[in-house]
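**Q** My structure is stored as protein-v7.cif, with mmCIF, C-alpha atoms (C1' of nucleotides).
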```cif
data_structure
#
loop_
_atom_site.group_PDB
_atom_site.id
_atom_site.type_symbol
_atom_site.label_atom_id
_atom_site.label_comp_id
_atom_site.auth_asym_id
_atom_site.auth_seq_id
_atom_site.Cartn_x
_atom_site.Cartn_y
_atom_site.Cartn_z
ATOM 1 C CA MET A 894 25.492 6.414 -38.565
ATOM 2 C CA VAL A 895 25.943 8.929 -35.778
ATOM 3 C CA LEU A 896 24.160 7.770 -32.697
ATOM 4 C CA GLN A 897 22.318 10.699 -31.215
ATOM 5 C CA HIS A 898 21.679 8.711 -28.069
ATOM 6 C CA ALA A 899 23.701 5.768 -26.856
ATOM 7 C CA HIS A 900 22.549 3.555 -24.042
ATOM 8 C CA PRO A 901 23.522 6.007 -21.340
ATOM 9 C CA VAL A 902 22.381 9.344 -22.659
ATOM 10 C CA ASP A 903 24.201 11.145 -19.872
ATOM 11 C CA PRO A 904 26.861 8.777 -18.461
ATOM 12 C CA ASP A 905 28.154 11.327 -15.969
ATOM 13 C CA ARG A 906 24.830 11.801 -14.254
ATOM 14 C CA VAL A 907 24.110 8.093 -14.358
ATOM 15 C CA ALA A 908 27.397 7.438 -12.586
ATOM 16 C CA ARG A 909 26.711 10.078 -9.948
ATOM 17 C CA ALA A 910 23.223 8.749 -9.358
ATOM 18 C CA GLN A 911 24.628 5.248 -8.953
ATOM 19 C CA GLU A 912 27.321 6.341 -6.526
ATOM 20 C CA ARG A 913 25.427 8.627 -4.213
ATOM 21 C CA GLY A 914 21.893 7.348 -4.729
ATOM 22 C CA ILE A 915 19.906 5.409 -2.182
ATOM 23 C CA SER A 916 20.600 1.691 -2.142
ATOM 24 C CA ALA A 917 17.730 -0.665 -2.812
ATOM 25 C CA ASP A 918 17.981 -1.897 0.787
ATOM 26 C CA ASP A 919 17.775 1.545 2.307
ATOM 27 C CA ALA A 920 14.907 2.405 0.022
ATOM 28 C CA THR A 921 13.016 -0.713 1.062
ATOM 29 C CA ARG A 922 13.561 0.063 4.730
ATOM 30 C CA LEU A 923 12.448 3.637 4.245
ATOM 31 C CA SER A 924 9.386 2.475 2.363
ATOM 32 C CA SER A 925 8.263 0.156 5.118
ATOM 33 C CA LEU A 926 8.629 3.027 7.564
ATOM 34 C CA LEU A 927 6.583 5.372 5.396
ATOM 35 C CA SER A 928 4.019 2.681 4.706
ATOM 36 C CA LEU A 929 3.180 2.712 8.377
ATOM 37 C CA LEU A 930 2.297 6.384 8.076
ATOM 38 C CA SER A 931 0.389 5.967 4.808
ATOM 39 C CA ASP A 932 -2.832 4.901 6.438
ATOM 40 C CA PRO A 933 -5.567 7.287 7.566
ATOM 41 C CA VAL A 934 -6.359 5.317 10.703
ATOM 42 C CA ARG A 935 -2.741 5.087 11.834
ATOM 43 C CA THR A 936 -1.927 8.748 11.234
ATOM 44 C CA ARG A 937 -5.043 9.829 13.082
ATOM 45 C CA ILE A 938 -4.152 7.560 15.977
ATOM 46 C CA LEU A 939 -0.608 8.881 16.203
ATOM 47 C CA TYR A 940 -1.844 12.442 16.002
ATOM 48 C CA ALA A 941 -4.488 11.849 18.657
ATOM 49 C CA LEU A 942 -1.999 10.196 20.997
ATOM 50 C CA ASP A 943 0.296 13.148 20.510
ATOM 51 C CA LEU A 944 -2.535 15.462 21.553
ATOM 52 C CA VAL A 945 -3.826 13.721 24.655
ATOM 53 C CA GLU A 946 -0.900 11.617 25.883
ATOM 54 C CA GLU A 947 -2.719 8.321 26.238
ATOM 55 C CA LEU A 948 -5.953 6.564 25.289
ATOM 56 C CA CYS A 949 -7.361 3.058 25.484
ATOM 57 C CA VAL A 950 -8.520 1.148 22.429
ATOM 58 C CA GLY A 951 -12.229 1.723 22.991
ATOM 59 C CA ASP A 952 -11.893 5.468 23.546
ATOM 60 C CA LEU A 953 -9.664 5.751 20.520
ATOM 61 C CA ALA A 954 -12.276 4.057 18.373
ATOM 62 C CA LEU A 955 -14.873 6.389 19.860
ATOM 63 C CA ALA A 956 -12.885 9.564 19.298
ATOM 64 C CA LEU A 957 -12.003 8.714 15.694
ATOM 65 C CA ASP A 958 -15.359 7.117 14.879
ATOM 66 C CA ILE A 959 -13.845 3.836 13.734
ATOM 67 C CA SER A 960 -14.471 0.233 14.733
ATOM 68 C CA GLU A 961 -12.600 -1.220 17.687
ATOM 69 C CA ASP A 962 -11.256 -3.879 15.361
ATOM 70 C CA SER A 963 -9.762 -1.253 13.147
ATOM 71 C CA ALA A 964 -8.177 0.571 16.054
ATOM 72 C CA SER A 965 -6.844 -2.640 17.548
ATOM 73 C CA TYR A 966 -5.322 -3.743 14.257
ATOM 74 C CA ALA A 967 -3.684 -0.383 13.645
ATOM 75 C CA LEU A 968 -2.281 -0.314 17.170
ATOM 76 C CA ARG A 969 -0.887 -3.799 16.729
ATOM 77 C CA LEU A 970 1.161 -2.668 13.744
ATOM 78 C CA LEU A 971 2.277 0.532 15.460
ATOM 79 C CA ARG A 972 3.234 -1.453 18.542
ATOM 80 C CA THR A 973 5.190 -4.012 16.524
ATOM 81 C CA ALA A 974 7.049 -1.170 14.850
ATOM 82 C CA GLY A 975 7.840 0.364 18.233
ATOM 83 C CA PHE A 976 5.865 3.545 17.621
ATOM 84 C CA VAL A 977 3.608 3.186 20.646
ATOM 85 C CA GLN A 978 3.886 1.865 24.190
ATOM 86 C CA THR A 979 1.230 0.185 26.315
ATOM 87 C CA ARG A 980 0.233 0.425 29.970
ATOM 88 C CA ARG A 981 -2.246 -1.975 31.524
ATOM 89 C CA GLN A 982 -4.681 -0.875 34.204
ATOM 90 C CA GLY A 983 -7.074 -3.641 35.037
ATOM 91 C CA ARG A 984 -8.677 -4.864 31.858
ATOM 92 C CA VAL A 985 -7.943 -1.658 30.000
ATOM 93 C CA VAL A 986 -4.823 -1.141 27.901
ATOM 94 C CA PHE A 987 -3.688 2.453 27.483
ATOM 95 C CA TYR A 988 -1.584 3.423 24.487
ATOM 96 C CA ARG A 989 0.848 6.312 24.191
ATOM 97 C CA LEU A 990 3.589 7.340 21.818
ATOM 98 C CA ALA A 991 6.829 5.483 22.488
ATOM 99 C CA ASP A 992 9.433 7.490 24.374
ATOM 100 C CA ARG A 993 12.468 6.256 22.506
ATOM 101 C CA PHE A 994 11.082 6.866 19.092
ATOM 102 C CA PRO A 995 10.305 9.377 16.415
ATOM 103 C CA GLU A 996 7.929 11.786 18.138
ATOM 104 C CA PRO A 997 9.613 15.065 17.208
ATOM 105 C CA LEU A 998 10.532 14.207 13.660
ATOM 106 C CA LEU A 999 7.328 12.438 12.764
ATOM 107 C CA GLU A 1000 5.290 15.177 14.382
ATOM 108 C CA HIS A 1001 6.970 17.746 12.223
ATOM 109 C CA CYS A 1002 6.457 15.610 9.172
ATOM 110 C CA LEU A 1003 2.837 14.994 10.058
ATOM 111 C CA ARG A 1004 1.976 18.604 10.843
ATOM 112 C CA GLU A 1005 3.743 20.036 7.844
ATOM 113 C CA LEU A 1006 2.575 17.361 5.468
ATOM 114 C CA ILE A 1007 -1.038 17.893 6.438
ATOM 115 C CA SER A 1008 -0.962 21.502 5.288
ATOM 116 C CA LEU A 1009 1.088 20.441 2.294
ATOM 117 C CA SER A 1010 -1.523 17.894 1.277
ATOM 118 C CA ARG A 1011 -4.175 20.600 1.559
ATOM 119 C CA VAL A 1012 -2.238 22.850 -0.796
ATOM 120 C CA ALA A 1013 -1.766 19.974 -3.181
ATOM 121 C CA SER A 1014 -5.469 19.207 -3.314
ATOM 122 C CA GLU A 1015 -6.254 22.884 -3.923
ATOM 123 C CA GLU A 1016 -3.865 22.964 -6.850
ATOM 124 C CA GLU A 1017 -5.574 19.912 -8.244
ATOM 125 C CA ASP A 1018 -8.894 21.703 -8.013
ATOM 126 C CA GLN A 1019 -7.544 24.620 -10.012
ATOM 127 C CA SER A 1020 -6.298 22.512 -12.880
ATOM 128 C CA MET B 214 -23.050 -2.062 40.492
ATOM 129 C CA VAL B 215 -20.305 0.516 40.242
ATOM 130 C CA LEU B 216 -19.068 0.680 36.689
ATOM 131 C CA GLN B 217 -15.299 0.853 36.732
ATOM 132 C CA HIS B 218 -15.296 1.798 33.090
ATOM 133 C CA ALA B 219 -18.171 3.361 31.199
ATOM 134 C CA HIS B 220 -18.169 3.608 27.451
ATOM 135 C CA PRO B 221 -15.799 6.553 27.378
ATOM 136 C CA VAL B 222 -13.132 5.681 29.907
ATOM 137 C CA ASP B 223 -11.673 9.189 29.697
ATOM 138 C CA PRO B 224 -14.357 11.505 28.254
ATOM 139 C CA ASP B 225 -12.172 14.588 28.510
ATOM 140 C CA ARG B 226 -9.394 13.184 26.374
ATOM 141 C CA VAL B 227 -11.877 11.694 23.933
ATOM 142 C CA ALA B 228 -13.452 15.125 23.494
ATOM 143 C CA ARG B 229 -10.095 16.801 22.975
ATOM 144 C CA ALA B 230 -9.033 14.171 20.459
ATOM 145 C CA GLN B 231 -12.302 14.658 18.583
ATOM 146 C CA GLU B 232 -11.981 18.431 18.509
ATOM 147 C CA ARG B 233 -8.371 18.905 17.555
ATOM 148 C CA GLY B 234 -7.666 15.600 15.856
ATOM 149 C CA ILE B 235 -7.146 15.141 12.145
ATOM 150 C CA SER B 236 -10.349 14.832 10.132
ATOM 151 C CA ALA B 237 -10.878 11.682 8.107
ATOM 152 C CA ASP B 238 -10.618 13.743 4.921
ATOM 153 C CA ASP B 239 -7.303 15.310 5.843
ATOM 154 C CA ALA B 240 -5.997 11.937 6.915
ATOM 155 C CA THR B 241 -6.989 10.387 3.600
ATOM 156 C CA ARG B 242 -5.310 13.192 1.684
ATOM 157 C CA LEU B 243 -2.184 12.875 3.761
ATOM 158 C CA SER B 244 -2.171 9.137 3.257
ATOM 159 C CA SER B 245 -2.308 9.411 -0.512
ATOM 160 C CA LEU B 246 0.611 11.813 -0.357
ATOM 161 C CA LEU B 247 2.665 9.505 1.836
ATOM 162 C CA SER B 248 1.709 6.496 -0.264
ATOM 163 C CA LEU B 249 3.567 8.082 -3.133
ATOM 164 C CA LEU B 250 6.717 8.076 -1.036
ATOM 165 C CA SER B 251 6.182 4.569 0.318
ATOM 166 C CA ASP B 252 7.683 2.841 -2.672
ATOM 167 C CA PRO B 253 11.373 2.012 -3.058
ATOM 168 C CA VAL B 254 11.446 2.835 -6.761
ATOM 169 C CA ARG B 255 9.780 6.206 -6.349
ATOM 170 C CA THR B 256 11.912 7.334 -3.415
ATOM 171 C CA ARG B 257 15.086 6.330 -5.233
ATOM 172 C CA ILE B 258 13.935 8.213 -8.315
ATOM 173 C CA LEU B 259 13.160 11.362 -6.348
ATOM 174 C CA TYR B 260 16.458 11.142 -4.540
ATOM 175 C CA ALA B 261 18.380 10.584 -7.766
ATOM 176 C CA LEU B 262 16.659 13.496 -9.480
ATOM 177 C CA ASP B 263 17.526 15.658 -6.504
ATOM 178 C CA LEU B 264 21.174 14.657 -6.911
ATOM 179 C CA VAL B 265 21.681 15.155 -10.628
ATOM 180 C CA GLU B 266 18.971 17.623 -11.665
ATOM 181 C CA GLU B 267 17.538 15.658 -14.566
ATOM 182 C CA LEU B 268 17.558 12.222 -16.161
ATOM 183 C CA CYS B 269 15.682 10.438 -18.919
ATOM 184 C CA VAL B 270 13.723 7.260 -18.347
ATOM 185 C CA GLY B 271 16.335 4.909 -19.786
ATOM 186 C CA ASP B 272 19.217 6.374 -17.804
ATOM 187 C CA LEU B 273 17.151 6.331 -14.666
ATOM 188 C CA ALA B 274 16.431 2.643 -15.150
ATOM 189 C CA LEU B 275 20.140 2.103 -15.764
ATOM 190 C CA ALA B 276 21.292 4.026 -12.721
ATOM 191 C CA LEU B 277 18.859 2.335 -10.354
ATOM 192 C CA ASP B 278 19.099 -1.094 -11.985
ATOM 193 C CA ILE B 279 15.389 -1.404 -12.585
ATOM 194 C CA SER B 280 13.322 -2.116 -15.679
ATOM 195 C CA GLU B 281 12.321 0.742 -17.948
ATOM 196 C CA ASP B 282 8.715 -0.262 -17.402
ATOM 197 C CA SER B 283 9.112 0.156 -13.689
ATOM 198 C CA ALA B 284 10.757 3.555 -14.076
ATOM 199 C CA SER B 285 8.148 4.706 -16.549
ATOM 200 C CA TYR B 286 5.279 3.636 -14.327
ATOM 201 C CA ALA B 287 6.768 5.289 -11.254
ATOM 202 C CA LEU B 288 7.376 8.503 -13.188
ATOM 203 C CA ARG B 289 3.822 8.472 -14.448
ATOM 204 C CA LEU B 290 2.495 8.515 -10.892
ATOM 205 C CA LEU B 291 4.978 11.150 -9.759
ATOM 206 C CA ARG B 292 4.089 13.263 -12.769
ATOM 207 C CA THR B 293 0.355 12.950 -12.159
ATOM 208 C CA ALA B 294 0.920 14.029 -8.578
ATOM 209 C CA GLY B 295 2.927 17.021 -9.735
ATOM 210 C CA PHE B 296 6.175 15.899 -8.121
ATOM 211 C CA VAL B 297 8.221 15.910 -11.331
ATOM 212 C CA GLN B 298 8.366 17.956 -14.522
ATOM 213 C CA THR B 299 9.264 16.817 -18.025
ATOM 214 C CA ARG B 300 11.311 18.314 -20.823
ATOM 215 C CA ARG B 301 11.341 16.807 -24.294
ATOM 216 C CA GLN B 302 14.469 16.840 -26.419
ATOM 217 C CA GLY B 303 13.908 14.865 -29.559
ATOM 218 C CA ARG B 304 12.639 11.433 -28.652
ATOM 219 C CA VAL B 305 14.054 11.638 -25.160
ATOM 220 C CA VAL B 306 12.025 12.852 -22.199
ATOM 221 C CA PHE B 307 14.015 14.306 -19.316
ATOM 222 C CA TYR B 308 12.545 14.323 -15.845
ATOM 223 C CA ARG B 309 13.362 16.672 -12.999
ATOM 224 C CA LEU B 310 11.822 17.586 -9.666
ATOM 225 C CA ALA B 311 8.949 20.030 -10.049
ATOM 226 C CA ASP B 312 9.813 23.629 -9.183
ATOM 227 C CA ARG B 313 6.582 24.527 -7.467
ATOM 228 C CA PHE B 314 6.538 21.520 -5.236
ATOM 229 C CA PRO B 315 7.889 19.912 -2.119
ATOM 230 C CA GLU B 316 11.613 19.691 -2.807
ATOM 231 C CA PRO B 317 12.925 21.180 0.448
ATOM 232 C CA LEU B 318 10.491 19.528 2.800
ATOM 233 C CA LEU B 319 10.498 16.129 1.172
ATOM 234 C CA GLU B 320 14.258 16.195 0.917
ATOM 235 C CA HIS B 321 14.510 16.779 4.625
ATOM 236 C CA CYS B 322 12.011 14.036 5.283
ATOM 237 C CA LEU B 323 13.789 11.681 2.944
ATOM 238 C CA ARG B 324 17.281 12.338 4.252
ATOM 239 C CA GLU B 325 16.316 12.236 7.884
ATOM 240 C CA LEU B 326 14.000 9.290 7.525
ATOM 241 C CA ILE B 327 16.673 7.255 5.809
ATOM 242 C CA SER B 328 18.949 7.457 8.827
ATOM 243 C CA LEU B 329 15.949 6.948 11.068
ATOM 244 C CA SER B 330 14.999 3.767 9.275
ATOM 245 C CA ARG B 331 18.569 2.537 9.699
ATOM 246 C CA VAL B 332 18.394 3.126 13.438
ATOM 247 C CA ALA B 333 15.054 1.369 13.558
ATOM 248 C CA SER B 334 16.386 -1.711 11.812
ATOM 249 C CA GLU B 335 19.385 -1.814 14.156
ATOM 250 C CA GLU B 336 17.083 -1.741 17.172
ATOM 251 C CA GLU B 337 15.128 -4.602 15.687
ATOM 252 C CA ASP B 338 18.337 -6.573 15.341
ATOM 253 C CA GLN B 339 19.124 -6.077 19.024
ATOM 254 C CA SER B 340 15.788 -7.357 20.225
ATOM 255 C "C1'" DC C 1290 9.017 7.788 -46.822
ATOM 256 C "C1'" DG C 1291 10.556 3.624 -44.035
ATOM 257 C "C1'" DG C 1292 12.949 1.662 -40.194
ATOM 258 C "C1'" DA C 1293 14.789 2.224 -35.525
ATOM 259 C "C1'" DC C 1294 14.167 3.969 -31.105
ATOM 260 C "C1'" DA C 1295 12.472 6.219 -26.568
ATOM 261 C "C1'" DT C 1296 8.605 6.468 -24.221
ATOM 262 C "C1'" DC C 1297 3.819 5.850 -23.182
ATOM 263 C "C1'" DC C 1298 -0.504 3.260 -22.601
ATOM 264 C "C1'" DG C 1299 -3.982 -0.660 -21.843
ATOM 265 C "C1'" DT C 1300 -4.512 -5.035 -19.963
ATOM 266 C "C1'" DA C 1301 -3.903 -9.061 -17.039
ATOM 267 C "C1'" DC C 1302 -1.786 -11.363 -13.265
ATOM 268 C "C1'" DG C 1303 0.115 -12.074 -8.503
ATOM 269 C "C1'" DG C 1304 0.926 -10.342 -4.053
ATOM 270 C "C1'" DT C 1305 -0.140 -7.485 -0.236
ATOM 271 C "C1'" DC C 1306 -3.051 -4.791 2.944
ATOM 272 C "C1'" DG C 1307 -7.141 -3.483 5.614
ATOM 273 C "C1'" DT C 1308 -11.493 -5.015 7.254
ATOM 274 C "C1'" DA C 1309 -14.964 -8.059 9.362
ATOM 275 C "C1'" DC C 1310 -16.188 -11.922 11.872
ATOM 276 C "C1'" DG C 1311 -15.743 -15.643 15.443
ATOM 277 C "C1'" DG C 1312 -13.436 -17.154 19.062
ATOM 278 C "C1'" DA C 1313 -9.748 -17.007 22.793
ATOM 279 C "C1'" DT C 1314 -7.423 -14.806 26.764
ATOM 280 C "C1'" DG C 1315 -7.208 -12.493 30.964
ATOM 281 C "C1'" DT C 1316 -9.304 -9.478 34.441
ATOM 282 C "C1'" DA C 1317 -12.567 -7.576 37.585
ATOM 283 C "C1'" DT C 1318 -17.198 -7.933 39.847
ATOM 284 C "C1'" DG C 1319 -20.603 -10.089 42.886
ATOM 285 C "C1'" DC D 800 -16.588 -19.556 41.029
ATOM 286 C "C1'" DA D 801 -19.374 -17.570 37.299
ATOM 287 C "C1'" DT D 802 -20.464 -13.684 34.490
ATOM 288 C "C1'" DA D 803 -19.400 -9.462 31.984
ATOM 289 C "C1'" DC D 804 -16.106 -6.961 29.663
ATOM 290 C "C1'" DA D 805 -11.758 -4.967 27.170
ATOM 291 C "C1'" DT D 806 -8.663 -6.475 24.222
ATOM 292 C "C1'" DC D 807 -6.231 -9.636 21.318
ATOM 293 C "C1'" DC D 808 -5.686 -13.188 17.731
ATOM 294 C "C1'" DG D 809 -6.507 -16.331 13.551
ATOM 295 C "C1'" DT D 810 -8.893 -16.621 9.398
ATOM 296 C "C1'" DA D 811 -11.175 -15.333 5.125
ATOM 297 C "C1'" DC D 812 -12.645 -12.083 1.898
ATOM 298 C "C1'" DG D 813 -12.332 -7.986 -1.133
ATOM 299 C "C1'" DA D 814 -9.737 -4.112 -2.897
ATOM 300 C "C1'" DC D 815 -5.778 -1.963 -4.335
ATOM 301 C "C1'" DC D 816 -0.945 -1.731 -6.165
ATOM 302 C "C1'" DG D 817 3.230 -2.899 -8.744
ATOM 303 C "C1'" DT D 818 4.970 -5.600 -12.468
ATOM 304 C "C1'" DA D 819 5.253 -7.678 -17.052
ATOM 305 C "C1'" DC D 820 3.866 -8.040 -21.629
ATOM 306 C "C1'" DG D 821 2.093 -6.387 -26.203
ATOM 307 C "C1'" DG D 822 1.030 -2.786 -28.805
ATOM 308 C "C1'" DA D 823 0.546 2.327 -29.935
ATOM 309 C "C1'" DT D 824 2.495 6.981 -30.508
ATOM 310 C "C1'" DG D 825 5.681 10.266 -31.955
ATOM 311 C "C1'" DT D 826 10.480 11.365 -33.347
ATOM 312 C "C1'" DC D 827 14.866 11.025 -35.651
ATOM 313 C "C1'" DC D 828 17.869 9.209 -39.408
ATOM 314 C "C1'" DG D 829 19.034 7.891 -44.102
#
```
Produce structure tokens that represent the structure in this file.
**A**
Amino acid sequence: MVLQHAHPVDPDRVARAQERGISADDATRLSSLLSLLSDPVRTRILYALDLVEELCVGDLALALDISEDSASYALRLLRTAGFVQTRRQGRVVFYRLADRFPEPLLEHCLRELISLSRVASEEEDQS
Amino acid sequence: MVLQHAHPVDPDRVARAQERGISADDATRLSSLLSLLSDPVRTRILYALDLVEELCVGDLALALDISEDSASYALRLLRTAGFVQTRRQGRVVFYRLADRFPEPLLEHCLRELISLSRVASEEEDQS
DNA sequence: CGGACATCCGTACGGTCGTACGGATGTATG
DNA sequence: CATACATCCGTACGACCGTACGGATGTCCG
């Protein structure tokens, strides 16, 4: 009985993938980061803040046509993650992108991925 | 009664955010795209396939120490989205990154975001 | 042709996430 | 000090996603 396929079909590649692949920990961390961007409300908020520097919760809800609850909840997560900073002026809280964090990289990702997602949806339409 | 804050606190910025902001449709499309990357199994699979060109389901499960069910399910989603291609050889199905699709960009995002997520977790540890 | 095998598929379950609602906090106005 | 207001928070509900299990499909071997 000649086994055409043993347990590892390609042991060499399996070994390489094990060695240089992403660890489960890193992958989990990366996933939580990407999860924060995988929400329409949050991406629109980040994009809007990138455009106009700073906005308060109510204006943000107005500009994006979402409920204030929704905006507040999204901002809470973004704030906890360190993506946005706050500035109080009276009873109003203004949000802006955090200085220390991913502005340039995430902007590139956002901008490029938007056009990419458009291309992807067009290809789906064709097929 | 002088209103300190009317409904739009900063009408100019609200208008700009409305005009140039991301539409709800684009944001939804972008979110579905990012959702595909927001899973540890899927990112590790994409990364592994980028490393070693192609792998079959069983070897992939072996290399990443996950169940074959998990690998198969992840590959199904990636295949539906057009991220990976398949090649049959006998009873074995080999998967590789799709030619027509986001290899360069997603690789950059993946690589850079991995180190970024490490930095982020270190900052969390400090605080 | 029959058994073994790699992979896929349908279903059901548990956990997680976003939303909506009510109330709480703190601030400015008169 | 009392009212109005912007925002936050805790809770509960509904929807979606990933996993696990059983079975189906197609392929190779003898």
**Q** Pick out the closest residue to D:DT818 from this set: C:DA1293, C:DA1317, C:DC1310, C:DC1302. Count all atoms listed in the file.
**A**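 Looking at the shortest contact to D:DT818, the residue is C:DC1302.
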**Q** Please tabulate, as a tab-separated table, the residues of chain B that come within 8 Å of chain D, each with its closest pair of atoms and the distance in Å to one decimal, counting only C-alpha atoms (C1' of nucleotides) and ordering rows by chain, then residue number upward.
**A**
```
residue	atom	partner	partner_atom	distance
B:Ser283	CA	D:DT818	C1'	7.2
B:Gly303	CA	D:DT826	C1'	6.2
B:Arg304	CA	D:DT826	C1'	5.2
```
**Q** So what does the PyMOL selection byres ((chain B) within 8 of (chain A)) actually pick up in this one, as a ChimeraX atom specification?
**A** /B:220-223,226-231,233-237,239-248,250-254,256-257,260-261,264-265,268-269,271-273,275-277,322,326-327,330-331,334
**Q** Within 10 Å of chain B, which residues of chain C come that close, and what is the closest atom pair and distance in Å for each? Count all atoms listed in the file and give it as a tab-separated table.
**A**
```
residue	atom	partner	partner_atom	distance
C:DC1294	C1'	B:Arg304	CA	8.0
C:DA1295	C1'	B:Arg304	CA	5.6
C:DT1296	C1'	B:Val306	CA	7.5
C:DC1297	C1'	B:Ser285	CA	8.0
C:DA1317	C1'	B:Gln217	CA	8.9
C:DT1318	C1'	B:Met214	CA	8.3
C:DG1319	C1'	B:Met214	CA	8.7
```
**Q** Quick check, in Å to one decimal: how far apart do atom CA of A:Ala964 and atom CA of A:Phe987 lie?
**A**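 Atom-to-atom, atom CA of A:Ala964 to atom CA of A:Phe987, that is 12.4 Å.
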**Q** For atom CA of A:Ser960 and atom C1' of C:DG1307, quote the distance in Å rounded to one decimal.
**A**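 These atoms are spaced 12.3 Å apart.
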**Q** Can you tell me how far atom CA of B:Leu290 sits from atom CA of B:Tyr308, in Å to one decimal?
**A**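 Spanning atom CA of B:Leu290 to atom CA of B:Tyr308 is a straight-line distance of 12.6 Å.
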**Q** Take stretch 978-989 of chain A, model N, CA and C atoms, and hand the result over as an mmCIF file, in the coordinates of the input.
**A**
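Wrote out28.cif, looks like this:
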```
data_model
loop_
_atom_site.group_PDB
_atom_site.id
_atom_site.type_symbol
_atom_site.label_atom_id
_atom_site.label_comp_id
_atom_site.auth_asym_id
_atom_site.auth_seq_id
_atom_site.Cartn_x
_atom_site.Cartn_y
_atom_site.Cartn_z
ATOM 1 N N GLN A 978 3.682 2.671 22.997
ATOM 2 C CA GLN A 978 3.886 1.865 24.190
ATOM 3 C C GLN A 978 2.537 1.559 24.823
ATOM 4 N N THR A 979 2.485 0.532 25.651
ATOM 5 C CA THR A 979 1.230 0.185 26.315
ATOM 6 C C THR A 979 1.401 0.221 27.826
ATOM 7 N N ARG A 980 0.272 0.435 28.505
ATOM 8 C CA ARG A 980 0.233 0.425 29.970
ATOM 9 C C ARG A 980 -1.079 -0.223 30.365
ATOM 10 N N ARG A 981 -1.019 -1.293 31.116
ATOM 11 C CA ARG A 981 -2.246 -1.975 31.524
ATOM 12 C C ARG A 981 -2.749 -1.424 32.839
ATOM 13 N N GLN A 982 -4.061 -1.243 32.936
ATOM 14 C CA GLN A 982 -4.681 -0.875 34.204
ATOM 15 C C GLN A 982 -5.971 -1.672 34.281
ATOM 16 N N GLY A 983 -5.921 -2.755 35.017
ATOM 17 C CA GLY A 983 -7.074 -3.641 35.037
ATOM 18 C C GLY A 983 -7.251 -4.303 33.689
ATOM 19 N N ARG A 984 -8.458 -4.232 33.162
ATOM 20 C CA ARG A 984 -8.677 -4.864 31.858
ATOM 21 C C ARG A 984 -8.444 -3.892 30.717
ATOM 22 N N VAL A 985 -8.104 -2.669 31.031
ATOM 23 C CA VAL A 985 -7.943 -1.658 30.000
ATOM 24 C C VAL A 985 -6.472 -1.482 29.660
ATOM 25 N N VAL A 986 -6.191 -1.367 28.363
ATOM 26 C CA VAL A 986 -4.823 -1.141 27.901
ATOM 27 C C VAL A 986 -4.723 0.272 27.337
ATOM 28 N N PHE A 987 -3.879 1.082 27.942
ATOM 29 C CA PHE A 987 -3.688 2.453 27.483
ATOM 30 C C PHE A 987 -2.479 2.524 26.548
ATOM 31 N N TYR A 988 -2.671 3.250 25.455
ATOM 32 C CA TYR A 988 -1.584 3.423 24.487
ATOM 33 C C TYR A 988 -1.080 4.851 24.535
ATOM 34 N N ARG A 989 0.236 4.991 24.325
ATOM 35 C CA ARG A 989 0.848 6.312 24.191
ATOM 36 C C ARG A 989 2.006 6.209 23.218
#
```
